[in-house]
file input_23.txt (compact mmCIF, C-alpha atoms and all ligand atoms)
# COMPACT_ATOMS: atom_id res chain seq x y z
CA MET A 1 -20.48 -17.61 -37.26
CA ALA A 2 -20.66 -13.84 -37.37
CA LYS A 3 -18.65 -11.98 -34.77
CA ARG A 4 -20.72 -10.52 -31.96
CA ASP A 5 -20.72 -6.83 -31.27
CA TYR A 6 -18.01 -5.96 -28.73
CA TYR A 7 -20.39 -3.89 -26.60
CA GLU A 8 -22.89 -6.72 -26.58
CA VAL A 9 -20.14 -9.14 -25.57
CA LEU A 10 -19.33 -7.02 -22.54
CA GLY A 11 -22.95 -6.27 -21.80
CA ALA A 12 -22.26 -2.52 -22.03
CA ASP A 13 -24.00 0.39 -23.75
CA ARG A 14 -22.49 2.03 -26.79
CA GLY A 15 -22.10 5.25 -24.84
CA ALA A 16 -20.38 3.57 -21.90
CA SER A 17 -17.45 5.44 -20.35
CA ALA A 18 -14.02 3.87 -19.93
CA ASP A 19 -14.89 3.21 -16.31
CA GLU A 20 -18.16 1.56 -17.14
CA LEU A 21 -16.48 -0.59 -19.77
CA LYS A 22 -13.90 -1.67 -17.23
CA LYS A 23 -16.61 -2.58 -14.76
CA ALA A 24 -18.54 -4.49 -17.38
CA TYR A 25 -15.41 -6.39 -18.35
CA ARG A 26 -14.57 -7.24 -14.75
CA LYS A 27 -18.05 -8.54 -14.21
CA LYS A 28 -17.91 -10.73 -17.31
CA ALA A 29 -14.45 -11.98 -16.45
CA LYS A 30 -15.58 -12.98 -12.99
CA GLU A 31 -18.63 -14.74 -14.33
CA LEU A 32 -16.49 -16.66 -16.78
CA HIS A 33 -13.61 -17.40 -14.47
CA PRO A 34 -12.52 -21.06 -14.63
CA ASP A 35 -13.09 -21.53 -10.88
CA ARG A 36 -16.79 -21.08 -11.43
CA ASN A 37 -17.17 -22.74 -14.80
CA SER A 38 -15.69 -26.22 -14.54
CA ASP A 39 -18.90 -27.59 -16.11
CA ASN A 40 -19.42 -24.89 -18.76
CA PRO A 41 -17.66 -25.94 -21.96
CA ASN A 42 -18.25 -22.53 -23.54
CA ALA A 43 -16.65 -20.51 -20.76
CA GLU A 44 -13.24 -20.48 -22.34
CA SER A 45 -14.36 -19.17 -25.70
CA GLN A 46 -16.66 -16.64 -24.07
CA PHE A 47 -13.85 -15.46 -21.89
CA LYS A 48 -11.63 -15.04 -24.95
CA GLU A 49 -14.38 -13.13 -26.66
CA ALA A 50 -14.81 -10.76 -23.72
CA ASN A 51 -11.07 -10.33 -23.49
CA GLU A 52 -10.79 -9.48 -27.17
CA ALA A 53 -13.66 -6.98 -26.89
CA TYR A 54 -12.12 -5.25 -23.92
CA GLU A 55 -8.66 -5.14 -25.51
CA VAL A 56 -10.18 -3.05 -28.27
CA LEU A 57 -12.61 -0.91 -26.25
CA LYS A 58 -10.17 0.04 -23.51
CA ASP A 59 -7.86 1.61 -26.10
CA ALA A 60 -9.16 5.03 -27.16
CA ASP A 61 -7.76 4.78 -30.72
CA LYS A 62 -8.97 1.26 -31.33
CA LYS A 63 -12.32 2.06 -29.78
CA ALA A 64 -12.74 5.03 -32.11
CA ALA A 65 -11.87 2.83 -35.09
CA TYR A 66 -14.28 0.14 -33.93
CA ASP A 67 -17.09 2.62 -33.27
CA ARG A 68 -16.68 3.86 -36.83
CA TYR A 69 -15.99 0.74 -38.87
CA GLY A 70 -17.03 -2.12 -36.61
CA HIS A 71 -15.08 -5.35 -36.87
CA ALA A 72 -13.89 -4.31 -40.31
CA ALA A 73 -11.56 -1.88 -38.56
CA PHE A 74 -9.35 -4.76 -37.57
CA GLU A 75 -9.55 -6.81 -40.72
CA GLY A 76 -7.39 -6.14 -43.72
CA GLY A 77 -5.29 -3.52 -41.96
CA MET A 78 -7.92 -0.82 -41.78
CA GLY A 79 -7.90 1.55 -38.86
CA GLY A 80 -5.06 1.74 -36.44
CA GLY A 81 -3.46 -0.75 -34.20
CA GLN A 82 -2.57 -4.36 -34.54
CA ARG A 83 -4.80 -7.00 -33.22
CA GLN A 84 -4.12 -7.92 -29.67
CA GLY A 85 -5.68 -10.49 -27.46
CA GLY A 86 -7.28 -12.22 -30.40
CA ASN A 87 -7.92 -15.89 -30.43
CA GLY A 88 -4.37 -16.72 -31.39
CA ASP A 89 -2.60 -15.18 -28.46
CA PHE A 90 -4.79 -15.56 -25.52
CA SER A 91 -2.35 -16.30 -22.76
CA SER A 92 -0.13 -13.26 -23.14
CA ALA A 93 -3.05 -10.88 -23.26
CA PHE A 94 -4.41 -12.60 -20.24
CA SER A 95 -1.28 -12.15 -18.19
CA ASP A 96 -1.45 -8.38 -18.75
CA VAL A 97 -4.74 -8.07 -17.03
CA PHE A 98 -4.29 -10.96 -14.68
CA GLU A 99 -3.02 -9.16 -11.62
CA ASP A 100 -5.36 -6.27 -12.05
CA LEU A 101 -8.35 -8.47 -12.42
CA PHE A 102 -7.84 -11.41 -10.20
CA GLY A 103 -6.17 -9.84 -7.23
CA ASP A 104 -9.34 -10.49 -5.33
CA PHE A 105 -9.39 -14.15 -6.30
CA MET A 106 -6.06 -14.67 -4.68
CA GLY A 107 -7.29 -14.83 -1.14
CA GLY A 108 -6.36 -11.25 -0.43
CA GLY A 109 -2.77 -12.22 0.10
CA ALA A 110 -1.68 -11.38 -3.40
CA GLN A 111 0.85 -8.63 -3.34
CA ARG A 112 1.85 -6.75 -6.42
CA GLY A 113 5.27 -7.74 -7.56
CA GLY A 114 5.08 -11.08 -5.82
CA ARG A 115 7.69 -11.64 -3.20
CA GLN A 116 8.45 -9.12 -0.59
CA ARG A 117 11.26 -9.64 1.77
CA ALA A 118 12.77 -6.70 3.52
CA SER A 119 10.70 -3.73 2.43
CA ARG A 120 11.05 -0.07 3.24
CA GLY A 121 8.80 1.33 5.94
CA SER A 122 6.15 3.91 5.12
CA ASP A 123 6.74 7.62 5.30
CA LEU A 124 4.83 9.30 8.07
CA ARG A 125 3.23 12.71 8.17
CA TYR A 126 2.96 14.81 11.29
CA ASN A 127 0.99 18.07 11.28
CA LEU A 128 2.45 20.72 13.52
CA ARG A 129 0.71 24.02 14.19
CA ILE A 130 2.87 26.79 15.56
CA SER A 131 2.46 30.50 16.31
CA LEU A 132 3.82 33.29 14.14
CA GLU A 133 6.12 34.29 17.00
CA ASP A 134 7.58 30.77 17.03
CA ALA A 135 7.98 30.85 13.26
CA PHE A 136 9.89 34.12 13.71
CA VAL A 137 12.52 32.71 16.07
CA GLY A 138 12.37 28.98 15.29
CA LEU A 139 11.93 26.40 18.01
CA GLN A 140 12.87 23.04 19.36
CA LYS A 141 9.70 20.98 19.68
CA ALA A 142 9.17 17.63 21.38
CA ILE A 143 6.65 15.53 19.47
CA THR A 144 5.25 12.05 19.98
CA VAL A 145 4.73 9.97 16.89
CA PRO A 146 2.79 6.71 16.90
CA THR A 147 4.79 4.47 14.64
CA SER A 148 6.07 0.98 14.26
CA VAL A 149 9.67 0.43 15.14
CA SER A 150 12.04 -2.44 14.58
CA CYS A 151 11.24 -5.24 17.04
CA ASN A 152 13.71 -5.30 19.90
CA SER A 153 13.42 -9.00 20.67
CA CYS A 154 14.32 -10.29 17.21
CA ASP A 155 16.25 -7.31 15.90
CA GLY A 156 13.63 -6.87 13.18
CA SER A 157 14.21 -10.28 11.60
CA GLY A 158 10.83 -11.67 12.75
CA ALA A 159 12.36 -14.93 13.90
CA GLU A 160 12.56 -15.94 17.55
CA GLY A 161 16.04 -15.38 18.92
CA GLY A 162 17.08 -13.56 15.74
CA ALA A 163 17.40 -16.78 13.68
CA GLU A 164 17.66 -16.38 9.91
CA PRO A 165 14.42 -16.95 7.98
CA GLN A 166 14.43 -19.92 5.63
CA THR A 167 13.61 -20.15 1.97
CA CYS A 168 10.00 -21.23 1.54
CA PRO A 169 9.95 -24.91 0.50
CA THR A 170 6.62 -24.58 -1.36
CA CYS A 171 7.70 -21.92 -3.85
CA SER A 172 11.49 -22.15 -3.50
CA GLY A 173 11.57 -18.48 -2.61
CA MET A 174 9.65 -17.26 -5.66
CA GLY A 175 6.61 -16.19 -3.65
CA LYS A 176 4.34 -17.58 -6.36
CA VAL A 177 3.20 -21.01 -7.41
CA ARG A 178 1.84 -22.14 -10.75
CA ALA A 179 -1.19 -24.35 -10.94
CA GLN A 180 -3.21 -25.92 -13.71
CA GLN A 181 -6.67 -24.38 -13.53
CA GLY A 182 -9.02 -26.07 -15.94
CA PHE A 183 -7.80 -24.93 -19.36
CA PHE A 184 -4.88 -22.71 -18.47
CA THR A 185 -2.08 -22.22 -16.01
CA VAL A 186 -2.40 -19.58 -13.37
CA GLU A 187 0.13 -18.13 -11.02
CA ARG A 188 -0.97 -17.81 -7.45
CA THR A 189 0.61 -16.23 -4.46
CA CYS A 190 2.33 -18.98 -2.51
CA PRO A 191 -0.07 -20.09 0.23
CA THR A 192 2.75 -21.14 2.54
CA CYS A 193 4.66 -17.86 2.72
CA SER A 194 1.96 -15.43 1.46
CA GLY A 195 4.28 -14.25 -1.27
CA VAL A 196 7.21 -13.38 0.95
CA GLY A 197 9.38 -16.23 -0.36
CA GLN A 198 10.71 -16.99 3.08
CA ILE A 199 9.26 -18.66 6.10
CA ILE A 200 10.08 -18.28 9.73
CA LYS A 201 10.05 -21.55 11.62
CA ASN A 202 9.69 -19.96 15.06
CA PRO A 203 8.16 -16.53 14.73
CA CYS A 204 9.25 -13.98 17.31
CA ARG A 205 6.76 -13.97 20.16
CA THR A 206 6.92 -10.22 20.60
CA CYS A 207 6.10 -9.15 17.07
CA GLY A 208 4.47 -12.32 15.70
CA GLY A 209 7.02 -12.51 12.88
CA SER A 210 6.56 -9.08 11.32
CA GLY A 211 9.80 -7.77 12.76
CA ARG A 212 8.06 -4.57 13.90
CA GLU A 213 6.23 -3.39 16.95
CA GLU A 214 3.87 -0.48 17.48
CA LYS A 215 5.32 2.21 19.67
CA GLU A 216 4.90 5.84 20.54
CA ARG A 217 8.14 7.50 19.73
CA SER A 218 9.28 10.81 21.16
CA LEU A 219 11.38 13.03 18.96
CA SER A 220 12.83 16.44 19.36
CA VAL A 221 12.34 18.40 16.16
CA ASN A 222 14.26 21.49 15.25
CA ILE A 223 11.95 23.98 13.50
CA PRO A 224 14.06 26.64 11.83
CA ALA A 225 13.16 30.33 11.93
CA GLY A 226 11.20 31.51 8.89
CA VAL A 227 8.98 28.46 8.31
CA GLU A 228 5.52 29.13 6.93
CA THR A 229 2.32 27.23 6.33
CA GLY A 230 3.13 24.45 3.87
CA THR A 231 6.79 24.11 4.85
CA ARG A 232 7.77 20.44 5.09
CA ILE A 233 10.60 19.26 7.25
CA ARG A 234 11.93 15.82 6.40
CA LEU A 235 13.44 13.69 9.10
CA SER A 236 15.23 10.99 7.22
CA GLY A 237 14.76 7.47 8.57
CA GLU A 238 12.34 8.57 11.32
CA GLY A 239 9.29 7.09 9.63
CA GLU A 240 7.85 3.64 10.02
CA ALA A 241 10.34 0.81 10.45
CA GLY A 242 10.86 -1.41 7.42
CA LEU A 243 9.36 -4.88 7.22
CA ARG A 244 11.76 -7.62 8.27
CA GLY A 245 14.76 -5.43 8.74
CA GLY A 246 14.15 -3.20 5.67
CA PRO A 247 15.11 0.48 5.82
CA SER A 248 12.86 2.89 7.67
CA GLY A 249 10.69 5.45 5.90
CA ASP A 250 10.96 9.18 6.50
CA LEU A 251 8.97 11.42 8.78
CA TYR A 252 7.61 14.62 7.30
CA ILE A 253 6.64 17.47 9.59
CA PHE A 254 4.01 19.62 7.87
CA ILE A 255 4.02 23.12 9.32
CA GLU A 256 0.96 25.25 9.75
CA VAL A 257 1.50 28.75 11.09
CA ALA A 258 -1.55 30.03 12.95
CA GLU A 259 -3.16 33.36 12.05
CA HIS A 260 -1.94 36.23 14.21
CA GLU A 261 -4.30 38.80 15.65
CA LEU A 262 -2.00 41.73 14.87
CA PHE A 263 0.19 40.73 11.95
CA GLN A 264 -0.64 39.39 8.52
CA ARG A 265 2.11 37.70 6.64
CA ASP A 266 3.02 37.73 2.97
CA GLY A 267 6.16 35.67 2.45
CA ILE A 268 8.80 37.39 4.51
CA ASP A 269 6.89 40.68 4.88
CA LEU A 270 4.46 41.51 7.64
CA PHE A 271 1.50 43.88 7.59
CA CYS A 272 -0.03 45.60 10.56
CA ARG A 273 -3.08 47.84 10.50
CA VAL A 274 -2.71 50.65 13.02
CA PRO A 275 -5.62 52.90 13.95
CA VAL A 276 -4.82 56.62 14.39
CA SER A 277 -7.11 59.36 15.58
CA MET A 278 -8.50 61.89 13.15
CA ALA A 279 -6.57 64.62 14.93
CA THR A 280 -3.22 62.79 14.73
CA ALA A 281 -3.77 62.00 11.07
CA ALA A 282 -4.58 65.69 10.40
CA ILE A 283 -1.87 67.45 12.34
CA GLY A 284 0.73 64.67 12.40
CA GLY A 285 2.28 62.87 15.36
CA ASP A 286 3.82 59.66 16.60
CA VAL A 287 2.26 56.24 17.01
CA GLU A 288 3.75 53.28 18.76
CA VAL A 289 3.49 50.00 16.86
CA PRO A 290 4.23 46.44 17.99
CA THR A 291 6.91 44.38 16.25
CA ILE A 292 6.97 40.60 15.85
CA ASP A 293 10.01 40.26 18.08
CA GLY A 294 7.85 41.48 20.98
CA GLY A 295 9.30 44.99 20.88
CA ARG A 296 7.84 48.32 19.79
CA SER A 297 8.71 50.94 17.22
CA ARG A 298 7.75 54.59 17.07
CA VAL A 299 6.41 55.63 13.74
CA LYS A 300 6.03 59.23 12.63
CA VAL A 301 2.62 59.96 11.13
CA PRO A 302 3.01 62.82 8.65
CA ALA A 303 0.48 65.66 8.91
CA GLY A 304 -2.41 65.15 6.50
CA SER A 305 -2.18 61.33 6.34
CA GLN A 306 -5.20 59.70 4.76
CA SER A 307 -6.60 56.35 5.82
CA GLY A 308 -4.79 53.52 4.05
CA ARG A 309 -1.42 55.25 3.96
CA GLN A 310 1.38 52.71 4.18
CA MET A 311 4.71 53.10 5.87
CA ARG A 312 7.58 50.69 5.81
CA LEU A 313 9.70 49.57 8.71
CA ARG A 314 12.77 48.02 7.18
CA ALA A 315 13.92 44.59 8.37
CA LYS A 316 11.09 44.25 10.89
CA GLY A 317 9.47 41.36 9.02
CA MET A 318 10.12 37.62 9.04
CA PRO A 319 13.50 35.97 8.48
CA ALA A 320 13.91 34.15 5.18
CA LEU A 321 13.91 30.38 5.71
CA ARG A 322 17.25 29.63 4.09
CA GLY A 323 19.18 32.74 5.05
CA GLY A 324 18.97 35.66 2.68
CA GLY A 325 17.88 38.45 4.97
CA THR A 326 14.76 39.65 6.65
CA GLY A 327 11.51 41.01 5.32
CA ASP A 328 9.97 44.40 6.10
CA MET A 329 6.97 45.37 8.13
CA PHE A 330 4.34 47.56 6.53
CA ILE A 331 2.16 49.79 8.67
CA GLU A 332 -1.19 50.71 7.25
CA LEU A 333 -2.89 53.67 8.89
CA ALA A 334 -6.59 53.41 9.62
CA VAL A 335 -7.90 56.89 10.40
CA GLU A 336 -10.67 56.65 12.93
CA THR A 337 -13.81 58.68 12.72
CA PRO A 338 -14.58 59.76 16.28
CA VAL A 339 -17.68 58.23 17.82
CA ASN A 340 -19.67 58.74 21.04
CA LEU A 341 -19.11 62.50 20.95
CA THR A 342 -19.93 64.79 23.87
CA SER A 343 -21.91 67.95 23.15
CA LYS A 344 -18.71 69.95 23.62
CA GLN A 345 -16.91 67.85 20.99
CA LYS A 346 -19.84 68.20 18.60
CA GLU A 347 -19.80 71.95 19.06
CA LEU A 348 -16.09 72.11 18.37
CA LEU A 349 -16.44 69.95 15.27
CA ARG A 350 -19.25 72.13 13.89
CA GLU A 351 -17.06 75.14 14.38
CA PHE A 352 -14.18 73.24 12.79
CA GLU A 353 -16.38 72.30 9.85
CA LYS A 354 -17.33 75.97 9.27
CA LEU A 355 -13.68 76.95 9.22
CA SER A 356 -12.81 74.09 6.88
CA GLU A 357 -15.27 74.90 4.14
CA GLU A 358 -12.93 76.92 1.99
CA ASN A 359 -9.88 75.01 3.04
CA ASN A 360 -10.44 71.42 2.12
CA PRO A 361 -8.62 70.45 -1.07
CA LEU A 362 -10.00 66.90 -1.26
CA LEU A 363 -13.63 67.94 -0.87
CA THR A 364 -13.19 70.95 -3.18
CA SER A 365 -11.72 68.82 -5.96
CA PHE A 366 -14.37 66.14 -5.51
CA PHE A 367 -17.24 68.61 -5.73
CA SER A 368 -15.82 70.30 -8.79
CA LYS A 369 -15.62 66.88 -10.49
CA VAL A 370 -19.22 66.13 -9.47
CA LYS A 371 -20.36 69.47 -10.89
CA SER A 372 -18.79 68.88 -14.28
CA PHE A 373 -20.20 65.32 -14.31
CA TRP A 374 -23.73 66.66 -13.83
CA ALA A 375 -23.13 69.33 -16.42
CA ASP A 376 -21.97 66.71 -18.94
CA MET A 377 -25.03 64.57 -18.27
CA LYS A 378 -27.35 67.47 -19.16
CA ASN A 379 -25.78 68.01 -22.58
ZN ZN A 401 6.38 -19.71 -0.59
ZN ZN A 402 10.18 -9.66 16.89

call {"tool": "encode", "arguments": {"input": "input_23.txt", "output": "structure tokens"}}
result
Amino acid sequence: MAKRDYYEVLGADRGASADELKKAYRKKAKELHPDRNSDNPNAESQFKEANEAYEVLKDADKKAAYDRYGHAAFEGGMGGGQRQGGNGDFSSAFSDVFEDLFGDFMGGGAQRGGRQRASRGSDLRYNLRISLEDAFVGLQKAITVPTSVSCNSCDGSGAEGGAEPQTCPTCSGMGKVRAQQGFFTVERTCPTCSGVGQIIKNPCRTCGGSGREEKERSLSVNIPAGVETGTRIRLSGEGEAGLRGGPSGDLYIFIEVAEHELFQRDGIDLFCRVPVSMATAAIGGDVEVPTIDGGRSRVKVPAGSQSGRQMRLRAKGMPALRGGGTGDMFIELAVETPVNLTSKQKELLREFEKLSEENNPLLTSFFSKVKSFWADMKN
């Protein structure tokens, strides 16, 4: 009998993606599963066929060879790759895909890796939003974390009165049982202990045998000065309690520093935009600027400052998280054009404008550039 096309076997299109091939294979495998085919004598060979097809098509190299040469790719050593999952070696190929495929046939209790006794608790994440001022000085923060903690009544063992759990008699502690299923042997998660390998005769009444209870836990967290958005603080062992006396996970505090209405931050440096009047910018003067520590600094504005001029205040920025000094604060001047003028102010400005005509280096240089630009355009 001629070999069927692998795509046809899986019921997939030639152009099917890896994902689509996987789906097609899963569907076929479920259809052909021994549980549903006790009266179909062809199920086994069809299953093998589907398995062989998928073994080839899931592998990019083998798939390429098959797409090009067809079945000939795997006969007589042409193309790459040795033959896997062929008719000769069905069971080993099957065990590779077994867990992946039939997890959902196992009554939902199937756990990867089989038996689980004491297992580590999950890590927890806690998002904490703080102000820039708090990030500047650091703070001690009380937080409440909903978590599961080791059960008090049974000391986390899950057994009433803290008694030791016993080895499961059904699976002898393996967490899995083997059963003859039609034409081959399958491993199933032990139904007695759900894969744990141990049973508890009298489960703890408080926690129902899990060894954990849900609690709100209060913690005092030390947030060091200099944290920024994205900083993670790990509190070792403060995560979820382990299962049946296993070690606890960790708690991670994820910091978010809120935007500030006066200061922008770049690493350890701060920026502050300070408006100055046209007159101060022209003739020079002092401005008072706020600093992140809540204080103020006087900054000298040099005569003739243009908008956008930056000045640096050394060591007035943020502290570095792990020591290593303090950033600077940069002041950026924003020269304000006066608005809502009185007629007196307008009059003065017109007079000022007249006096400025011959004495304005920026305007003079701009207009001379414009003139030569127009002249060049004419030529
Ligand atoms: Zn068992
Ligand atoms: Zn308990």

call {"tool": "closest_residue", "arguments": {"input": "input_23.txt", "among": "A:Gln198, A:Gln264, A:Ser277, A:Thr206", "to": "ligand ZN 401 (chain A)", "atoms": "all atoms listed in the file"}}
result
A:Gln198

call {"tool": "residues_around", "arguments": {"input": "input_23.txt", "residues": "A:Gly239", "least_positions_apart": "5", "cutoff": "10 Å", "atoms": "all atoms listed in the file", "output": "NGL selection string"}}
result
:A and (120-125 or 145-149 or 234 or 247-252)

call {"tool": "residues_near_ligand", "arguments": {"input": "input_23.txt", "ligand": "ligand ZN 401 (chain A)", "cutoff": "12 Å", "atoms": "all atoms listed in the file", "output": "PyMOL selection string"}}
result
chain A and resi 109-110+114-117+166-178+188-200

call {"tool": "residues_near_ligand", "arguments": {"input": "input_23.txt", "ligand": "ligand ZN 402 (chain A)", "cutoff": "6 Å", "atoms": "only C-alpha atoms and all ligand atoms", "output": "count of residues only"}}
result
10

call {"tool": "residues_near_point", "arguments": {"input": "input_23.txt", "point": "(-14.3, -15.5, -18.7)", "cutoff": "9 Å", "atoms": "all atoms listed in the file", "output": "short mmCIF file (atom, residue, chain, number, x, y, z; two decimals) with C-alpha atoms, in the frame of the given file"}}
result
data_model
loop_
_atom_site.label_atom_id
_atom_site.label_comp_id
_atom_site.auth_asym_id
_atom_site.auth_seq_id
_atom_site.Cartn_x
_atom_site.Cartn_y
_atom_site.Cartn_z
CA LYS A 28 -17.91 -10.73 -17.31
CA ALA A 29 -14.45 -11.98 -16.45
CA LYS A 30 -15.58 -12.98 -12.99
CA GLU A 31 -18.63 -14.74 -14.33
CA LEU A 32 -16.49 -16.66 -16.78
CA HIS A 33 -13.61 -17.40 -14.47
CA PRO A 34 -12.52 -21.06 -14.63
CA ASN A 37 -17.17 -22.74 -14.80
CA ALA A 43 -16.65 -20.51 -20.76
CA GLU A 44 -13.24 -20.48 -22.34
CA SER A 45 -14.36 -19.17 -25.70
CA GLN A 46 -16.66 -16.64 -24.07
CA PHE A 47 -13.85 -15.46 -21.89
CA LYS A 48 -11.63 -15.04 -24.95
CA GLU A 49 -14.38 -13.13 -26.66
CA ALA A 50 -14.81 -10.76 -23.72
CA ASN A 51 -11.07 -10.33 -23.49
#

call {"tool": "residues_around", "arguments": {"input": "input_23.txt", "residues": "stretch 281-293 of chain A", "least_positions_apart": "4", "cutoff": "9 Å", "atoms": "only C-alpha atoms", "output": "JSON, numbers by chain"}}
result
{"A": [132, 133, 136, 137, 262, 263, 270, 272, 274, 276, 277, 297, 298, 299, 300, 301, 302, 303, 304, 305, 306, 307, 316, 317, 318, 329, 331, 333, 335, 336]}

call {"tool": "atom_distance", "arguments": {"input": "input_23.txt", "atom1": "atom CA of A:Ser38", "atom2": "atom CA of A:Phe183"}}
result
9.3 Å

call {"tool": "closest_residue", "arguments": {"input": "input_23.txt", "among": "A:Pro203, A:Pro361, A:Gly138, A:Gly242", "to": "A:Pro165", "atoms": "all atoms listed in the file"}}
result
A:Pro203

call {"tool": "atom_distance", "arguments": {"input": "input_23.txt", "atom1": "atom CA of A:Phe271", "atom2": "atom CA of A:Arg129"}}
result
20.9 Å

call {"tool": "decode", "arguments": {"input": "input_23.txt", "residues": "stretch 158-177 of chain A", "atoms": "N, CA and C atoms", "output": "compact mmCIF listing (two decimals), in the first residue's frame"}}
result
# COMPACT_ATOMS: atom_id res chain seq x y z
N GLY A 158 -0.24 19.60 56.71
CA GLY A 158 -1.51 19.23 56.08
C GLY A 158 -2.25 18.14 56.83
N ALA A 159 -1.58 17.54 57.80
CA ALA A 159 -2.22 16.45 58.55
C ALA A 159 -2.68 16.95 59.91
N GLU A 160 -3.86 16.50 60.31
CA GLU A 160 -4.44 16.91 61.59
C GLU A 160 -3.46 16.58 62.72
N GLY A 161 -3.24 17.56 63.58
CA GLY A 161 -2.37 17.33 64.72
C GLY A 161 -0.89 17.23 64.34
N GLY A 162 -0.56 17.57 63.09
CA GLY A 162 0.83 17.57 62.67
C GLY A 162 1.39 16.18 62.40
N ALA A 163 0.49 15.16 62.22
CA ALA A 163 0.98 13.79 61.96
C ALA A 163 1.69 13.73 60.61
N GLU A 164 2.63 12.82 60.50
CA GLU A 164 3.37 12.66 59.25
C GLU A 164 2.46 12.09 58.15
N PRO A 165 2.54 12.59 56.93
CA PRO A 165 1.78 11.96 55.85
C PRO A 165 2.34 10.56 55.55
N GLN A 166 1.48 9.72 54.97
CA GLN A 166 1.94 8.36 54.68
C GLN A 166 2.12 8.15 53.19
N THR A 167 3.02 7.21 52.87
CA THR A 167 3.23 6.88 51.47
C THR A 167 1.93 6.32 50.89
N CYS A 168 1.59 6.80 49.69
CA CYS A 168 0.35 6.37 49.06
C CYS A 168 0.40 4.88 48.74
N PRO A 169 -0.56 4.10 49.21
CA PRO A 169 -0.52 2.65 48.97
C PRO A 169 -0.80 2.29 47.51
N THR A 170 -1.52 3.14 46.77
CA THR A 170 -1.88 2.81 45.39
C THR A 170 -0.66 2.86 44.47
N CYS A 171 0.17 3.88 44.64
CA CYS A 171 1.30 4.07 43.71
C CYS A 171 2.63 3.88 44.40
N SER A 172 2.64 3.49 45.65
CA SER A 172 3.86 3.33 46.44
C SER A 172 4.72 4.59 46.42
N GLY A 173 4.07 5.72 46.36
CA GLY A 173 4.83 6.98 46.44
C GLY A 173 5.29 7.52 45.11
N MET A 174 5.03 6.79 44.02
CA MET A 174 5.51 7.24 42.71
C MET A 174 4.66 8.39 42.15
N GLY A 175 3.43 8.48 42.57
CA GLY A 175 2.55 9.53 42.05
C GLY A 175 1.90 9.16 40.73
N LYS A 176 2.35 8.03 40.15
CA LYS A 176 1.79 7.62 38.86
C LYS A 176 1.46 6.14 38.90
N VAL A 177 0.49 5.74 38.13
CA VAL A 177 0.21 4.31 38.01
C VAL A 177 0.21 3.95 36.53
